[in-house]
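Structure first, commentary second.
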Amino acid sequence: MLKYLEGSHAVSQVVAMCRPQVISAYPITPQTHIVEDLARLVGEGKLEAEFINVESEFSAASVILGASAAGARAYTTTTSQGLLLMTEVLYCIAGMRLPIVLTCANRAISAPLNIWNDQQDSMTVRDAGWIQLYAEDNQEAADLHVQAFKIAEATSLPMMVCMDGFILTHAFEPVDIPEQKEVDAFLPSFKPQHIIDPRWPRALGLYADPRFYMETRYILHRALEKSEEVIKQVSADFAQAFGRNSGGLIKTYKLEDADVVIVTMGSVAGTIKDLIDRLETAGKHVGLLQICSFRPFPKQEVYRALKNKMNIVVLEKAVSLGRGGILASDIRWSFPRAEQPGRRISSYIAGLGGRNISTDGLMEMVNRVSKEHVELAFLGLNKEIIAERDL
Amino acid sequence: MDKLPLGLALDLRRVVPYKTGSWRTMKPLYIMQTPPCTHSCPINNDIRGFLRVLADKQDYTEAWHILTRTNPFPATCGRVCPHPCEDGCNRRDFDTPLAINSSERSVGDYGLEHHLEHRKEVLATRKEKVAVVGSGPAGLSCAFHLAKRGFAVKVFEAAREPGGMMRYGIPAYRLPKDVLQREIEAILKLGVELECNVKVGVNIPFDQLRHDYQAVFLGLGAQKGATVGIPGEDARNVFTGLEFLKAVNIGKAPEVGRNVVVVGGGNTAMDCARVAKRLGADVQIVYRRTRVEMPAITAEIDEAMEERIMFRYHTNPIKIITDEDKVVGLLCVQMELKEADASGRARPVPIPGSESVIPADTVIMATGQEVDYDGIDLAKRENRWISADEFLMTSVDRVFAGGDAVLGLETVSAAIGQGLRAATAIEDYLEGHVESSLASPPVVYFKDLNSYYYNRKKRISKEAIPVHERLKSFNEIYPPFDPGEIVQEANRCFSCGLCFDCKNCLMYCPDNAVNLVPATGRYEFDYDFCKGCGLCVRECPCHYIQLTLEK
Amino acid sequence: MMELHEEDLNRVEKKNLFASGHRACGGCGQALAARLVADAAGENTIACVATGCLEIFSSPYPDPSWRIPFLHSLFENVSAVASGVEAAYKAMNKGPVNIIAMGGDGSTADIGFQSISGMFERGHNVLYVCYDNEAYMNTGVQRSSFTPYGAKTTTTPMGNPTRKKNLPMLAAVHGIPYVATATVDDYRDLQRKVKKALTFEGPKYLHVLAPCPLGWGHSGDLSVLISRLAKDTCLFPVFEIINGSVTNIQKVPHKKPVEEYLNLQARFKHLFKKGEPTGMVAEIQEIANQNIERFNL
């Protein structure tokens, strides 16, 4: 049913329909509306779940770790500082192969403190072993959660659904909220792989000495690689059941004739599509490659899509300090060595700390990369407030 | 190696544990130790055994069988033994020693009341026959043990009835005659032949015994009273201690008159004095040294004093004063003590001019005893006693000896113990092997115990009946305990050196390496996992566990 | 609150639920305590264990020594993990089941304090058992907030300058229904307290003193004796706090001077110069005296 509602609420309502059994909550801007709404649903009896108001994000993750190990479907949401605080637990959850779903309302990282959107937080934990899917708009954000539980439970891998904080969470858009019975039909009840239960005594969380540890990492890596198939399949199943294309590994927009391809993740894709349409009328052919699944990184899909594209610019809302663009590195790595010369892959860092990405700015970027290779640039950097010694 | 499970989650039912026993440098062992009570007991009775059975199972019958495995005279010893076991009892260093003597008496009496029968150790009868000379404690004990082991035994007794000093020496108030009689009968029921009124060496030649029997045991005792050789000893109403006691014990007590003087400081002297007191006389004991040097059992001296017998120390008799062959007094001189003499005791020296006369109607010289060797010729003797080697064999082939005749004046228990040792020696000899004495396990002392786990509780005790009651008759002066009290007392036994199921080792092992074996009810170590930390050793209250070096 | 018969409470349990094969040092007080706790709790128990000595020596892949379900994730979050397990069982309508969180110094009082405080405050039906060996033993005997005054650790080589954090009181102040302290030498009392704790609904806290031969500097066979001396010198009072009231205080009729306890442990050796006690010993005695007064021992 089509509803006009805030992104947070779209997510909370869909998550509730996925019947999580244990939800842990620690508030942090801009995720607060999700947990508040879930609390209300539980309080009003509309959602039967244990809702635990924990005392920190660390405990939030730990509580659902315990809950998932005990065999319950578990969920939490956080962002930025909270995500970093629970980093230790995120790695643990992945290593223990617990199919937890977490919503990350992407936000910038301190210091300095900044509550507005960028994707540095989820990027920081990209190696933790979690599947990371990035939503373009509120509809996709909602849809991805239904897919997330299914993917996670099928692969025994934890899932992070990333949606841009404020831009998506606090924006009102019309969203098609599915019916409970539709969700039930798509997402069966959780059949846990692990159960901590005295009837079948098992140990979870043993330590692995050098004889075994390496193999556990290999197995986890391979699990992530193999999950690409599941992500694609679930997206296809979702399209069939709900009639919408959501999720999957990548999406493309007007790529066929594009001379310049912009690669990006998340909500900025919307802005870029507007720009592409405008440029088309002006006779300029720009295309868009949207990465939906950042981890596992769909190297083959990216290669296939961009094989013949020689001018690529990666626009991302994160930076690996001291190195440069993170997504850009992954994109640059997607091409075999032989096919790299002559191909320009420029890297642009944009929108950090909620900095607005305007069409004008994007236009400037397109113009520049049309002419030259840009190793690394910060879009719309205001040099006037940067001291000489800091340049 | 198995394939790694998902998330390294492991089914705990399929774990093959790692054997931490390989870490061990020291290894605990359950090793039974000898408790000091058994060690001090001349018969090496399994005191711990019978007390634990009383404590754990309240089973008097089994307690009796445990005790009579070694000692056929529990009711007797429970009355007359000076209980060196209690002196050795480790509980002495904690609060008060176990009332073992009273417990033994209780068990012995139970056996008599319920007509319990001794069990043979060997059911078949062996071809060898053994002769036992003397039916005192040594002889009857030897006969008992040999009969249990299947030998045919015949006891030759010179007196009219069996028992030796137990019957003819010890007064009835210490050992009632019927108690003794019934314990003897129980021994004879094993098939021991007894012939009384036969004095070997006189009525039957000693050599004939040596010819007719494959081994001979001499339990002759020291039944000849010795006197000190002062003038007047041949007067009427002058008796040796043994003569006097025997007369009383066969019901022919002499007229002792009003004043009785007993000379001597041993148990015989005490018995004589207390018997005389019960015959109505005023009694004085004359001894040339002091109480400290008196060889009598402390309890006997104390009881004599309670019974208002006067003790004259430093007093030595010189002459018995008679009037027409009847005793009227004893001339004594005071002594002073100088450096030790051959016996190791201070040497008494008369003080000139200190003579005085003690009026007396009867004088009893309880001044020494000797073996009556009449007709028995043993080539080697040491002083007055028979010399026997560590296997109790005398210088004559196949002739063994034990008891007072070998040890000098000792206790009933010592004699019983010798009878047991002799029986074993005879058995070994006849089987043709020299059994080196089995090294018994070392003794546990209080310092070895962990007494934290024992609760303090005083031993049971009973007062003797009041003195005026005692003197009216020859009845026993200590009333018996009832079985419930004895069981309570038995619960005080520390069980030194043997497990009593406190469960400390089971519960304190951090490695679960101690298990209860359901079939036996005992504990065992799981050496696959025991790390040898020694906690069990420390916390075992009774020192049953020891650490040894792991090879 | 569930009622248990006295005979059930008093029965001594040995079930090998914490089995042989673990790699604890010989004579380890914590291994002994964990064994007693697991057996007292019984088979219908889930053990959530924090990183620490217990976890390391009892749960290597592929041969852990646990025979009841075991869950371990990190150092500081065992209370939160146990909370999650408890919530899951409630949500799934499964149970009843005993959920026991176990941790040492750090996971209880320091790095895990936030987590345990949250668990207490939210009222989860979890028993938390703290094995107090008075330092971070697993990482090499570094000081913790449970390290007693004067004790030598690798990070307080001159003797710890602070007093022990009083976690039983802190736990009680959260308003939880049952708090108790116990020692490994009195296994009956320890097992009884575990069983009793499990009859209460809500968070429970059991603080067990666990001697560490390696860290405290004594031979493994003395662990029980030293535990007993900690009680007898009144340095470790044993009591319960039920619904906020201190009760069932174990009196010490034969009190011993603290020297008897300190003398047996190398971590206190520096408190004695040539066999004579220094001033710090008197200060430690003062701590004991304060306990005597406060608890009327």
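Residues in the structure tokens are numbered from 1 in each chain, the chains being A, B, ... in the order shown, and ligands are numbered from 1 in the order shown.
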
Output the contact residues of chain A with respect to chain C at a cut-off of 6 Å, based on only C-alpha atoms, as a VMD selection string.
chain A and resid 21 49 to 50 55 59 62 to 64 66 to 67 70 72 196 198 201 to 208

Export of prior selection with C-alpha atoms as a short mmCIF file (atom, residue, chain, number, x, y, z; two decimals), in the first residue's frame:
data_model
loop_
_atom_site.label_atom_id
_atom_site.label_comp_id
_atom_site.auth_asym_id
_atom_site.auth_seq_id
_atom_site.Cartn_x
_atom_site.Cartn_y
_atom_site.Cartn_z
CA GLN A 21 12.00 -11.56 17.75
CA ALA A 49 9.18 -8.88 20.02
CA GLU A 50 11.53 -8.35 22.94
CA GLU A 55 22.97 1.17 27.55
CA SER A 59 25.62 -3.73 24.15
CA SER A 62 26.05 -7.86 21.92
CA VAL A 63 22.46 -8.37 22.91
CA ILE A 64 21.43 -9.33 19.42
CA GLY A 66 23.30 -13.48 22.08
CA ALA A 67 19.74 -13.49 20.81
CA ALA A 70 19.98 -18.56 20.87
CA ALA A 72 15.96 -15.77 17.46
CA ILE A 196 22.32 -22.41 22.11
CA PRO A 198 20.62 -27.31 26.60
CA PRO A 201 24.62 -28.71 23.81
CA ARG A 202 26.88 -26.80 21.46
CA ALA A 203 29.72 -24.41 21.95
CA LEU A 204 29.83 -21.19 19.97
CA GLY A 205 32.74 -18.81 20.26
CA LEU A 206 35.61 -21.21 20.77
CA TYR A 207 39.05 -19.87 20.13
CA ALA A 208 40.99 -21.02 17.09
#

As a ChimeraX atom specification, could you give me every residue of chain B near chain C (at most 7 Å apart, counting only C-alpha atoms)?
/B:12,15-20,508-513,529,531-535,538

Pull out every residue of chain B that has at least one atom within 6 Å of chain A, counting only C-alpha atoms, and report them as a count of residues only.
5

Selection: 7 Å around range 420-422 of chain B, only C-alpha atoms, excl. self and same-chain fewer than 5 positions, as a ChimeraX atom specification
/B:141-142,145,391-392,400

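Note that the spacing between CA of Thr61 in chain B and CA of Glu117 in chain B amounts to 10.0 Å.
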
Give me the residues near Ala99 in chain B as a PyMOL selection string, where near means some atom within 8 Å (using only C-alpha atoms) and where sequence neighbours in that chain fewer than 6 positions away do not count.
chain B and resi 86+459-461+489

Only N, CA and C atoms, please: the residues just picked out, written as an mmCIF file, in the first residue's frame.
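Resulting contents of part-v4.cif:
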data_model
loop_
_atom_site.group_PDB
_atom_site.id
_atom_site.type_symbol
_atom_site.label_atom_id
_atom_site.label_comp_id
_atom_site.auth_asym_id
_atom_site.auth_seq_id
_atom_site.Cartn_x
_atom_site.Cartn_y
_atom_site.Cartn_z
ATOM 1 N N GLU B 86 44.539 -45.659 73.033
ATOM 2 C CA GLU B 86 44.008 -44.313 73.319
ATOM 3 C C GLU B 86 45.144 -43.316 73.502
ATOM 4 N N ARG B 459 34.940 -36.786 74.293
ATOM 5 C CA ARG B 459 34.667 -38.215 74.305
ATOM 6 C C ARG B 459 33.635 -38.528 75.366
ATOM 7 N N ILE B 460 32.966 -39.660 75.177
ATOM 8 C CA ILE B 460 31.999 -40.088 76.186
ATOM 9 C C ILE B 460 32.759 -40.551 77.419
ATOM 10 N N SER B 461 32.161 -40.385 78.525
ATOM 11 C CA SER B 461 32.807 -40.905 79.732
ATOM 12 C C SER B 461 31.716 -41.252 80.731
ATOM 13 N N GLU B 489 30.240 -42.169 69.745
ATOM 14 C CA GLU B 489 31.672 -42.048 70.009
ATOM 15 C C GLU B 489 32.457 -42.502 68.779
#

For Val173 in chain C, please output as a ChimeraX atom specification all residues within 12 Å (counting only C-alpha atoms; exclusion window: fewer than 3 positions along the same chain).
/C:117,120-121,166-170,176-179,205,241-246

Take the residues from that selection and write them out as a CSV table (one decimal), in the first residue's frame, keeping N, CA and C atoms.
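The resulting file, out_22.csv, is reproduced below:
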chain,number,residue,atom,x,y,z
C,117,SER,N,26.0,-3.4,34.4
C,117,SER,CA,25.1,-2.4,35.0
C,117,SER,C,23.8,-2.3,34.2
C,120,PHE,N,21.8,-5.5,34.9
C,120,PHE,CA,21.1,-5.4,36.2
C,120,PHE,C,19.9,-4.4,36.1
C,121,GLU,N,20.2,-3.3,35.5
C,121,GLU,CA,19.1,-2.2,35.5
C,121,GLU,C,17.9,-2.6,34.7
C,166,ASN,N,34.0,-2.6,45.4
C,166,ASN,CA,33.0,-3.4,46.1
C,166,ASN,C,31.8,-3.7,45.1
C,167,LEU,N,32.0,-4.7,44.3
C,167,LEU,CA,31.0,-5.0,43.3
C,167,LEU,C,29.7,-5.6,43.9
C,168,PRO,N,29.8,-6.4,45.0
C,168,PRO,CA,28.5,-6.9,45.5
C,168,PRO,C,27.6,-5.7,46.0
C,169,MET,N,28.2,-4.7,46.6
C,169,MET,CA,27.4,-3.6,47.0
C,169,MET,C,26.9,-2.8,45.8
C,170,LEU,N,27.7,-2.7,44.8
C,170,LEU,CA,27.3,-2.0,43.6
C,170,LEU,C,26.1,-2.7,42.9
C,176,ILE,N,18.8,-5.4,42.5
C,176,ILE,CA,18.5,-6.7,42.0
C,176,ILE,C,18.2,-7.6,43.2
C,177,PRO,N,17.4,-8.7,43.0
C,177,PRO,CA,16.9,-9.4,44.2
C,177,PRO,C,17.9,-10.2,44.9
C,178,TYR,N,19.0,-10.7,44.3
C,178,TYR,CA,19.9,-11.6,45.0
C,178,TYR,C,21.3,-11.3,44.7
C,179,VAL,N,22.1,-11.1,45.7
C,179,VAL,CA,23.6,-10.9,45.6
C,179,VAL,C,24.2,-11.8,46.7
C,205,TYR,N,23.6,-11.8,41.3
C,205,TYR,CA,25.0,-11.7,41.2
C,205,TYR,C,25.7,-12.5,42.3
C,241,ILE,N,22.9,-10.7,50.0
C,241,ILE,CA,22.0,-9.5,50.1
C,241,ILE,C,20.7,-9.9,49.3
C,242,ILE,N,19.7,-10.1,50.1
C,242,ILE,CA,18.4,-10.5,49.5
C,242,ILE,C,17.4,-9.3,49.5
C,243,ASN,N,17.0,-9.0,48.3
C,243,ASN,CA,16.1,-7.8,48.2
C,243,ASN,C,16.6,-6.6,48.9
C,244,GLY,N,17.9,-6.4,48.8
C,244,GLY,CA,18.5,-5.2,49.4
C,244,GLY,C,19.0,-5.3,50.8
C,245,SER,N,18.6,-6.4,51.5
C,245,SER,CA,19.1,-6.5,52.9
C,245,SER,C,20.2,-7.5,53.1
C,246,VAL,N,21.3,-7.0,53.7
C,246,VAL,CA,22.4,-7.9,54.0
C,246,VAL,C,22.0,-9.0,55.0

As a list in words, which residues of range 305-350 of chain A does DSSP assign to strand (DSSP E)?
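Residues of range 305-350 of chain A classed as strand (DSSP E): Asn311, Ile312, Val313, Val314, Leu315, Glu316, Arg344, Ile345, Ser346, Ser347, Tyr348 and Ile349 of chain A.
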
So that I have them on file, write out the residues from the current selection with C-alpha atoms, as a compact mmCIF listing (two decimals), in the first residue's frame.
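And here's part-v2.txt as it stands now:
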# COMPACT_ATOMS: atom_id res chain seq x y z
CA ASN A 311 36.10 7.37 -18.96
CA ILE A 312 34.89 6.59 -15.52
CA VAL A 313 34.53 8.83 -12.51
CA VAL A 314 33.81 7.41 -9.09
CA LEU A 315 31.85 9.70 -6.83
CA GLU A 316 31.75 8.62 -3.19
CA ARG A 344 40.57 6.86 -17.09
CA ILE A 345 39.11 6.20 -13.68
CA SER A 346 38.87 9.44 -11.73
CA SER A 347 38.12 9.65 -8.07
CA TYR A 348 35.90 12.28 -6.48
CA ILE A 349 35.15 12.61 -2.80

Record the distance separating CA of Ala360 in chain B and CA of Val261 in chain B, expressed in Å with one decimal.
6.1 Å
